[in-house]
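Working notes, structure below.
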Amino acid sequence: MRVGEIVESNSTGFVCESYELNRPPALGSLVKVHVGEARDLYGVVCYGETGSLDPGRRAVRRSTDEVYDHQVYRESPQLEHVLRTEFTSVAVGIVERGIVVQGLPSLPPPLHFSVHTCSSEETILFTENLYYFRLLLRASGPVAVEQLLAANVREVYIERGSDEEWLREAAREAASLLKHDYDRLMAVLYAIQPVR
Amino acid sequence: MPLRLGSIGDGVERMVEILAAEERSQWVERAQRLLHDADPGDLKAKLRDRRTRVPWLVAIPVSSMDDVFGAPDCPSYFSVVAADGSSVPPDRHSPARFYVLNTGRAILTYGERPSAVLDASAQFHFQMEDLYLYPSAGSFPIEGARLSAKMAVAELRGLREATERTETPVAALRDGSLILWGLQNEDSRVQQRFLREFLECLDDFQNAGVPVVGYTSLPGARDVVNSLRVWLCQAEAIDCANCSSPEAMDSCKALVTILDRQLFGFLKAGERSDIFESTSAILSEYGDHRIQFFYLNVDGEVVRIEAPQWVMHDSQMVDFVHSVLCDQCRRSGVHPPYPPALQEAHEQAVISITDRRLVEDMVDRALARRGIVFTRSAKDRSKRRRAV
């Protein structure tokens, strides 16, 4: 499903404007950009925000005792046109003709190209190997990298049909990568623990 | 060189002292009593009497002087359409003569199926017939007041087109006045040309039964106050230089410092004044579309609402416009409130400095591709480079 259009692009990631206001893809979820014949660039959503389309205009409070939440948008239909939701993705690899290569792409994705969510099959294929965790742990942005990693593990776990075996493997990989950083490791392990 | 602020500071202090003077607020109260006491019938007769020869712009009361009308209930399903304009005027320092008009529009629909359409249309004018009112003679270039009039026509056309896209009861808003007072000092041929186009648009609104209004925030008009000065004056023909009543003269001078929006400061939130008719000279050319106005407290400021007389004569249209404007201001995200439809139309219309430069660059590049390399005026280049 198309969820946005790239409005900023560089070697490590891309920023997209979401087609739907207030509904960026989930933090940590996998997205892809069709960059060539049977060639998709994959990214992990590492940040999302909603604000004014015009940097010179700030959103202001519009709710009252009677009008709030969704009703605000019904009362002010222009908001759908003057606000925008953006999300940032960190590039984590390329899938070409079914072959997964985890790592940074040789070229940034083209500006204004569409960004799609990944299907369960595509997520399963890409996450068979967990090398891309290293890229997530080096991502820069407002979201702490251990929270980004944890969000990705949660999203993939669900997308893989609550794959317990994969979750254990992901936890072991995280432990290996964060073995010298106890606090961060515990933050990841705590956050990826399935809620029963 | 930076502005020498030291010489301005004292003046600012003295100005604020005068503005904050207690007697000034007392004068507003006295003016409000005068508004209450003035007989609209007698005042109307005096204002229409040719012998009075009023030297100021006055307003003629249509009915009462100080009646107040509360906001009627707003319909549950309606649209508000607004238009605003912006231009890149002809630049005499530029190598080529052209101008750009950008009309921004907002169509906001409320009710069961709320929706919004925001758009803008830019027009690039460069042909001789666009640049001059009489191209063969190269006379009356489109600039200044003439460009403003052309912009006003473009806005009104854009507004009319937008109302045709709505299926609900609709009110059409334009930012500012509907009185093309800027044309008053123009040649009669210029006036006729722009007025014909402007009034044709108003004809379309009238035929479609769509109320069209001009919304002026923080109005600086004093038409009604000036009418009170006429009411105060005992002389048959107004002749301030030879005023025989010192008491009336003092009151008259004090009234000069008051604006209509202060006079109608007694309006409560949502209330409007009664309707007055403007006497701007240009309105003698408006025919059935003579402009009338009322003041409205939108809960934060008193604004001036102008509309053609066929709107103001129709109580249902007046109630609709009154309720819709109050509703618009209730939905405003800023204080004092401003109609969201007008705000969004403005945002669509505005041409940024960057966009202005882009247009200039497009023209320069297009000329260069044809091997035509014009240079800007030396003055313009010196301003841009600002070499030391």
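Residue numbering restarts at 1 in every chain; chains get A, B, ... in the order shown in the structure tokens, and ligands count up from 1 in that same order.
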
key: chain A: residues DSSP assigns to alpha helix (DSSP H), reported as a ChimeraX atom specification   = /A:70-75,79-82,120-126,133-136,145-159,164-177,182-192

Report the closest atom pair, with its distance in Å rounded to one decimal, for each residue of chain B that has an atom no farther than 9 Å from chain A; count only C-alpha atoms, sort by chain and then rising residue number, and write it as CSV.
```
residue,atom,partner,partner_atom,distance
B:Ala106,CA,A:Gln78,CA,8.5
B:Ile107,CA,A:Gln78,CA,8.8
B:Leu108,CA,A:Pro77,CA,6.8
B:Thr109,CA,A:Pro77,CA,7.5
B:Tyr110,CA,A:Glu75,CA,7.0
B:Gly111,CA,A:Arg74,CA,8.1
B:Glu112,CA,A:Arg74,CA,8.8
B:Arg113,CA,A:Arg74,CA,8.3
B:Pro114,CA,A:Arg74,CA,5.9
B:Ser115,CA,A:Pro77,CA,5.2
B:Ala116,CA,A:Gln78,CA,5.1
B:Val117,CA,A:Gln78,CA,7.5
B:Leu118,CA,A:His81,CA,7.5
B:Arg331,CA,A:Ser76,CA,6.8
B:Ser332,CA,A:Arg62,CA,7.9
B:Gly333,CA,A:Arg62,CA,5.8
B:Val334,CA,A:Val60,CA,7.6
B:Pro340,CA,A:Gln78,CA,8.1
B:Ala341,CA,A:Gln78,CA,8.3
B:Glu344,CA,A:Gln78,CA,7.8
```

Expected answer as a ChimeraX atom specification: strand (DSSP E or B) residues in chain A = /A:2-9,13-18,30-36,39-52,83-96,99-102,114-117

Can you write out the residues you just picked, keeping C-alpha atoms, as a PDB file, in the first residue's frame?
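File written: again.pdb
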```pdb
ATOM      1  CA  ARG A   2       1.309   3.463  -0.932  1.00  0.00           C
ATOM      2  CA  VAL A   3       1.630   5.495   2.255  1.00  0.00           C
ATOM      3  CA  GLY A   4       3.721   8.512   1.293  1.00  0.00           C
ATOM      4  CA  GLU A   5       5.995  10.389  -1.050  1.00  0.00           C
ATOM      5  CA  ILE A   6       9.673  11.093  -0.526  1.00  0.00           C
ATOM      6  CA  VAL A   7      10.341  14.783   0.134  1.00  0.00           C
ATOM      7  CA  GLU A   8      13.942  14.473   1.372  1.00  0.00           C
ATOM      8  CA  SER A   9      16.454  11.822   0.449  1.00  0.00           C
ATOM      9  CA  GLY A  13      17.521   7.480   4.779  1.00  0.00           C
ATOM     10  CA  PHE A  14      14.545   9.384   3.467  1.00  0.00           C
ATOM     11  CA  VAL A  15      11.790  11.661   4.724  1.00  0.00           C
ATOM     12  CA  CYS A  16       8.266  11.138   3.363  1.00  0.00           C
ATOM     13  CA  GLU A  17       5.072  13.101   3.461  1.00  0.00           C
ATOM     14  CA  SER A  18       2.305  10.743   4.518  1.00  0.00           C
ATOM     15  CA  LEU A  30       9.412  -1.817   7.282  1.00  0.00           C
ATOM     16  CA  VAL A  31       8.676   0.301   4.207  1.00  0.00           C
ATOM     17  CA  LYS A  32       9.985   0.053   0.672  1.00  0.00           C
ATOM     18  CA  VAL A  33      10.598   2.225  -2.373  1.00  0.00           C
ATOM     19  CA  HIS A  34      10.425   0.767  -5.860  1.00  0.00           C
ATOM     20  CA  VAL A  35      13.700   2.111  -7.290  1.00  0.00           C
ATOM     21  CA  GLY A  36      14.118  -0.026 -10.399  1.00  0.00           C
ATOM     22  CA  ARG A  39      14.504  -3.682  -7.203  1.00  0.00           C
ATOM     23  CA  ASP A  40      13.182  -2.270  -3.928  1.00  0.00           C
ATOM     24  CA  LEU A  41      14.977  -0.164  -1.348  1.00  0.00           C
ATOM     25  CA  TYR A  42      13.936  -1.048   2.200  1.00  0.00           C
ATOM     26  CA  GLY A  43      13.748   1.269   5.167  1.00  0.00           C
ATOM     27  CA  VAL A  44      12.680   1.151   8.803  1.00  0.00           C
ATOM     28  CA  VAL A  45      10.456   3.978  10.021  1.00  0.00           C
ATOM     29  CA  CYS A  46      12.485   5.782  12.675  1.00  0.00           C
ATOM     30  CA  TYR A  47      10.452   8.940  13.306  1.00  0.00           C
ATOM     31  CA  GLY A  48       7.045  10.461  12.583  1.00  0.00           C
ATOM     32  CA  GLU A  49       5.592  13.894  13.170  1.00  0.00           C
ATOM     33  CA  THR A  50       2.533  15.990  12.279  1.00  0.00           C
ATOM     34  CA  GLY A  51       2.614  19.762  12.047  1.00  0.00           C
ATOM     35  CA  SER A  52       1.874  22.739   9.866  1.00  0.00           C
ATOM     36  CA  LEU A  83      -1.338  20.184   8.178  1.00  0.00           C
ATOM     37  CA  ARG A  84       0.927  17.369   7.135  1.00  0.00           C
ATOM     38  CA  THR A  85       2.307  14.191   8.587  1.00  0.00           C
ATOM     39  CA  GLU A  86       5.890  13.267   7.818  1.00  0.00           C
ATOM     40  CA  PHE A  87       7.858  10.165   8.651  1.00  0.00           C
ATOM     41  CA  THR A  88      11.533   9.407   8.378  1.00  0.00           C
ATOM     42  CA  SER A  89      12.988   6.027   7.482  1.00  0.00           C
ATOM     43  CA  VAL A  90      16.494   4.756   7.876  1.00  0.00           C
ATOM     44  CA  ALA A  91      17.701   2.826   4.819  1.00  0.00           C
ATOM     45  CA  VAL A  92      18.466  -0.791   5.691  1.00  0.00           C
ATOM     46  CA  GLY A  93      18.896  -2.626   2.405  1.00  0.00           C
ATOM     47  CA  ILE A  94      17.934  -3.596  -1.103  1.00  0.00           C
ATOM     48  CA  VAL A  95      15.861  -6.508  -2.316  1.00  0.00           C
ATOM     49  CA  GLU A  96      16.502  -7.339  -5.961  1.00  0.00           C
ATOM     50  CA  ILE A  99      17.728 -11.489  -3.070  1.00  0.00           C
ATOM     51  CA  VAL A 100      18.168  -9.499   0.126  1.00  0.00           C
ATOM     52  CA  VAL A 101      21.243  -7.326   0.646  1.00  0.00           C
ATOM     53  CA  GLN A 102      21.217  -5.633   4.024  1.00  0.00           C
ATOM     54  CA  SER A 114       6.271   6.572  -3.582  1.00  0.00           C
ATOM     55  CA  VAL A 115       6.834   4.759  -0.326  1.00  0.00           C
ATOM     56  CA  HIS A 116       4.921   1.535   0.317  1.00  0.00           C
ATOM     57  CA  THR A 117       4.324  -0.564   3.396  1.00  0.00           C
TER      58      THR A 117
END
```

inquiry  = Set the distance at 12 Å and use only C-alpha atoms: which residues neighbour A:Leu137 once local chain neighbours fewer than 3 positions away are removed? I'd like the list as a list in words.
reply    =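 In the requested format, the answer is Val44, Cys46, Val90, Val92, Leu130, Tyr131, Tyr132, Phe133, Arg134, Ser140, Gly141, Val143, Ala144, Val145, Glu146, Gln147, Leu148, Leu149, Ala150, Asn152, Glu173, Ala174, Leu177, Leu178, Asp181, Arg184, Leu185 and Val188 of chain A.
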
For C-alpha atoms, I'd like the residues from the last selection saved as a PDB file, in the first residue's frame.
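Listing of part-v8.pdb after writing:
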```pdb
ATOM      1  CA  VAL A  44      12.680   1.151   8.803  1.00  0.00           C
ATOM      2  CA  CYS A  46      12.485   5.782  12.675  1.00  0.00           C
ATOM      3  CA  VAL A  90      16.494   4.756   7.876  1.00  0.00           C
ATOM      4  CA  VAL A  92      18.466  -0.791   5.691  1.00  0.00           C
ATOM      5  CA  LEU A 130      19.308  -9.558  11.379  1.00  0.00           C
ATOM      6  CA  TYR A 131      22.428  -7.775  10.174  1.00  0.00           C
ATOM      7  CA  TYR A 132      20.332  -4.617   9.630  1.00  0.00           C
ATOM      8  CA  PHE A 133      20.045  -4.214  13.437  1.00  0.00           C
ATOM      9  CA  ARG A 134      23.510  -2.644  13.224  1.00  0.00           C
ATOM     10  CA  SER A 140      20.596   9.394  14.156  1.00  0.00           C
ATOM     11  CA  GLY A 141      17.383  11.169  15.017  1.00  0.00           C
ATOM     12  CA  VAL A 143      14.196   8.526  18.736  1.00  0.00           C
ATOM     13  CA  ALA A 144      16.719   6.688  20.931  1.00  0.00           C
ATOM     14  CA  VAL A 145      18.255   3.851  18.945  1.00  0.00           C
ATOM     15  CA  GLU A 146      17.364   1.163  21.522  1.00  0.00           C
ATOM     16  CA  GLN A 147      13.721   2.266  21.323  1.00  0.00           C
ATOM     17  CA  LEU A 148      13.909   2.192  17.529  1.00  0.00           C
ATOM     18  CA  LEU A 149      15.343  -1.318  17.600  1.00  0.00           C
ATOM     19  CA  ALA A 150      12.699  -2.455  20.084  1.00  0.00           C
ATOM     20  CA  ASN A 152      11.230  -2.717  14.898  1.00  0.00           C
ATOM     21  CA  GLU A 173      21.197 -10.541  18.324  1.00  0.00           C
ATOM     22  CA  ALA A 174      20.345  -7.450  20.394  1.00  0.00           C
ATOM     23  CA  LEU A 177      25.225  -6.045  19.796  1.00  0.00           C
ATOM     24  CA  LEU A 178      24.605  -4.339  23.136  1.00  0.00           C
ATOM     25  CA  ASP A 181      25.728  -1.398  27.187  1.00  0.00           C
ATOM     26  CA  ARG A 184      20.307  -0.054  26.518  1.00  0.00           C
ATOM     27  CA  LEU A 185      20.097  -3.822  26.246  1.00  0.00           C
ATOM     28  CA  VAL A 188      15.322  -3.326  24.370  1.00  0.00           C
TER      29      VAL A 188
END
```

d(atom CA of B:Asp187, atom CA of B:Phe124) in Å =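 One can read the atom CA of B:Asp187 to atom CA of B:Phe124 distance as 25.4 Å.
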
message = Excluding B:Thr279 and its own-chain neighbours fewer than 3 positions away, which residues fall within 10 Å of it when counting only C-alpha atoms? Please give them as a ChimeraX atom specification.
response = /B:47,56-60,223,276,282-284,290-292

Selection above as a file: C-alpha atoms, as a compact mmCIF listing (two decimals), in the first residue's frame:
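Saved result, selection.txt, follows:
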```txt
# COMPACT_ATOMS: atom_id res chain seq x y z
CA LEU B 47 -27.20 64.39 4.69
CA TRP B 56 -16.30 64.52 4.76
CA LEU B 57 -17.15 60.96 3.85
CA VAL B 58 -20.35 60.19 5.73
CA ALA B 59 -22.69 57.24 6.17
CA ILE B 60 -26.44 57.52 5.72
CA ASP B 223 -18.14 57.45 8.09
CA PHE B 276 -25.64 52.28 6.84
CA ILE B 282 -17.31 56.09 -6.79
CA LEU B 283 -20.56 54.45 -5.63
CA SER B 284 -22.55 56.78 -7.88
CA ARG B 290 -24.46 50.50 -4.11
CA ILE B 291 -22.50 49.34 -1.09
CA GLN B 292 -23.96 49.38 2.39
```

Neighbour list for B:Ala120 as a list of chain:residue names, cut-off 12 Å, only C-alpha atoms, skip fewer than 3 positions in-chain =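 The contact residues come out as B:Ala82, B:Ala83, B:Asp84, B:Gly85, B:Ser86, B:Leu101, B:Asn102, B:Thr103, B:Gly104, B:Arg105, B:Ala106, B:Ile107, B:Val117, B:Gln123, B:Ala154, B:Glu155, B:Gly158, B:Leu159, B:Ala162, B:Glu344, B:Ala345, B:His346, B:Glu347, B:Gln348, B:Ala349, B:Val350, B:Ile351.
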
Could the residues in this selection be written to a file with N, CA and C atoms, as a CSV table (one decimal), in the first residue's frame?
```
chain,number,residue,atom,x,y,z
B,82,ALA,N,-14.1,32.0,-0.1
B,82,ALA,CA,-13.4,33.3,0.1
B,82,ALA,C,-12.3,33.4,-1.0
B,83,ALA,N,-12.0,34.6,-1.3
B,83,ALA,CA,-10.9,34.8,-2.3
B,83,ALA,C,-10.1,36.0,-1.8
B,84,ASP,N,-8.8,35.9,-2.1
B,84,ASP,CA,-7.9,36.9,-1.8
B,84,ASP,C,-6.8,37.0,-3.0
B,85,GLY,N,-6.2,38.1,-3.1
B,85,GLY,CA,-5.3,38.2,-4.2
B,85,GLY,C,-3.9,38.8,-3.8
B,86,SER,N,-2.9,38.5,-4.7
B,86,SER,CA,-1.6,39.0,-4.5
B,86,SER,C,-1.0,39.2,-5.9
B,101,LEU,N,-0.7,38.1,-11.4
B,101,LEU,CA,-1.8,38.2,-10.5
B,101,LEU,C,-2.0,36.8,-9.9
B,102,ASN,N,-2.1,36.6,-8.6
B,102,ASN,CA,-2.3,35.3,-8.1
B,102,ASN,C,-3.6,35.4,-7.2
B,103,THR,N,-4.6,34.6,-7.6
B,103,THR,CA,-5.9,34.6,-6.8
B,103,THR,C,-6.0,33.3,-6.0
B,104,GLY,N,-6.0,33.5,-4.7
B,104,GLY,CA,-6.2,32.3,-3.8
B,104,GLY,C,-7.7,32.1,-3.4
B,105,ARG,N,-8.1,30.9,-3.3
B,105,ARG,CA,-9.5,30.7,-3.0
B,105,ARG,C,-9.6,29.5,-1.9
B,106,ALA,N,-10.6,29.6,-1.2
B,106,ALA,CA,-10.9,28.6,-0.2
B,106,ALA,C,-12.4,28.3,-0.2
B,107,ILE,N,-12.8,27.1,-0.4
B,107,ILE,CA,-14.2,26.7,-0.3
B,107,ILE,C,-14.3,25.7,0.9
B,117,VAL,N,-11.7,22.9,-0.1
B,117,VAL,CA,-10.9,23.0,-1.3
B,117,VAL,C,-10.1,24.3,-1.2
B,123,GLN,N,-1.9,34.2,-13.0
B,123,GLN,CA,-1.9,34.7,-14.4
B,123,GLN,C,-0.7,35.6,-14.6
B,154,ALA,N,-10.3,40.3,-10.6
B,154,ALA,CA,-9.8,38.9,-10.7
B,154,ALA,C,-10.3,38.1,-9.5
B,155,GLU,N,-10.2,38.7,-8.3
B,155,GLU,CA,-10.6,38.1,-7.0
B,155,GLU,C,-12.1,37.8,-7.1
B,158,GLY,N,-12.9,35.0,-9.4
B,158,GLY,CA,-12.5,33.7,-8.8
B,158,GLY,C,-13.5,33.3,-7.7
B,159,LEU,N,-14.0,34.3,-7.0
B,159,LEU,CA,-14.9,34.0,-5.9
B,159,LEU,C,-16.2,33.5,-6.6
B,162,ALA,N,-15.9,30.0,-7.8
B,162,ALA,CA,-15.8,29.1,-6.6
B,162,ALA,C,-17.2,28.8,-6.1
B,344,GLU,N,-7.3,31.1,4.8
B,344,GLU,CA,-6.8,30.1,3.9
B,344,GLU,C,-6.7,30.7,2.5
B,345,ALA,N,-7.6,31.5,2.1
B,345,ALA,CA,-7.6,32.1,0.8
B,345,ALA,C,-6.3,33.0,0.7
B,346,HIS,N,-6.1,33.7,1.8
B,346,HIS,CA,-4.8,34.6,1.8
B,346,HIS,C,-3.6,33.7,1.7
B,347,GLU,N,-3.6,32.6,2.5
B,347,GLU,CA,-2.4,31.7,2.4
B,347,GLU,C,-2.1,31.2,1.0
B,348,GLN,N,-3.2,30.9,0.3
B,348,GLN,CA,-3.1,30.4,-1.1
B,348,GLN,C,-2.6,31.5,-2.0
B,349,ALA,N,-3.0,32.8,-1.7
B,349,ALA,CA,-2.7,33.9,-2.6
B,349,ALA,C,-1.3,34.4,-2.5
B,350,VAL,N,-0.8,34.4,-1.3
B,350,VAL,CA,0.4,35.1,-1.0
B,350,VAL,C,1.6,34.6,-1.9
B,351,ILE,N,2.3,35.6,-2.4
B,351,ILE,CA,3.5,35.3,-3.2
B,351,ILE,C,4.7,35.7,-2.4
```
